[in-house]
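As structure tokens, the structure follows; a few thoughts come after it.
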Amino acid sequence: MLNGLQILISRMETNPEEFVHDGKWTDVLASIDKHLTEEEKAALKQGYADMARSAFNEVVLRTIAGESVDFDLLKAVGLDYDSIMGYPREKRKMIEEEERQYREQQLAREKMYMEQQRLSQQRYASQAQGLSGMMGGNPYNSGGIF
């Protein structure tokens with residue numbers, strides 16, 4: 001097998017984005033393809049399959065762990081998150097829309113709470129100022145003889 005091909009197949013494990021779409025090696029591999037032996041073509045095909053399988057495993061593990069998923073990696077290796085996770089596209093869009101609406105509602109509630117807090121503080125400050133004025137401006141003067 002070509003040494004360069006072995007190096008690139010090994011590199012697929014660490015840098016899959018370099019081997020798909022307009023990646024660094026796509027043109028090189030496309031141009032050499034017609035000169036590869038059947039064994040080398042099979043090894044290259046297996047390299048691409050291993051790359052996709054690795055991305056799939058990463059998505060499953062990250063999803064189970066509740067971590068963010070690298071959608072670019074999935075797209076890079078030709079996988080579709082919706083089909084992997086069993087969601088039809090429409091259902092996934094519906095879920096995303098519900099999540100967006102929930103976040104907007106949460107933000108609106110937080111804004112309303114902050115406004116209530118601000119008004120409450122204003123009322124308190126106004127009342128304190130009113131009491132201060134009733135006592136002649138000195139909060140320590142109770143109006144007594146001392």
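Starting from 1 in every chain, residues are counted up; chains themselves are A, B, ... following the order of the structure tokens, and ligands are numbered from 1 as listed.
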
What's the 12 Å shell around Arg11 in chain A, counting only C-alpha atoms, without same-chain residues fewer than 2 positions away, as a PyMOL selection string?
chain A and resi 4-9+13-19+24-25+44+47-48+50-51

Restrict the selected residues to C-alpha atoms and save them as a compact mmCIF listing (two decimals), in the first residue's frame.
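In the end it all went to result37.txt:
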```
# COMPACT_ATOMS: atom_id res chain seq x y z
CA GLY A 4 1.02 8.39 1.76
CA LEU A 5 -2.34 6.64 1.65
CA GLN A 6 -1.63 4.89 4.96
CA ILE A 7 -0.73 8.24 6.51
CA LEU A 8 -3.94 9.85 5.25
CA ILE A 9 -6.12 6.96 6.42
CA GLU A 13 -9.18 9.46 12.80
CA THR A 14 -7.89 12.77 14.14
CA ASN A 15 -8.93 15.25 11.44
CA PRO A 16 -12.08 14.00 9.69
CA GLU A 17 -13.01 17.48 8.47
CA GLU A 18 -9.98 17.41 6.14
CA PHE A 19 -11.45 14.55 4.12
CA LYS A 24 -7.64 19.64 2.48
CA TRP A 25 -7.34 16.10 1.06
CA LEU A 44 -9.64 4.06 1.74
CA GLY A 47 -11.15 4.64 6.37
CA TYR A 48 -14.16 6.75 5.39
CA ASP A 50 -14.50 4.19 10.20
CA MET A 51 -14.55 7.99 10.25
```

Find the residue from A:Leu29, A:Val20, A:Val60, A:Ile95 that sits nearest to Lys41 in chain A; use only C-alpha atoms when measuring.
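Closest to Lys41 in chain A, using only C-alpha atoms: A:Leu29.
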
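Residue nearest Leu2 in chain A, chosen from A:Glu40, A:Gln116, A:Tyr102, A:Ala49 and counting only C-alpha atoms: A:Glu40.
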
Option closest in space to Ser10 in chain A, from A:Asp22, A:Ala43, A:Gln122, A:Ala30 [counting only C-alpha atoms]
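When distances to Ser10 in chain A are compared using only C-alpha atoms, the smallest one comes from A:Ala43.
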
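Straight-line separation from CA of Gly23 in chain A to CA of Ala52 in chain A: 15.2 Å.
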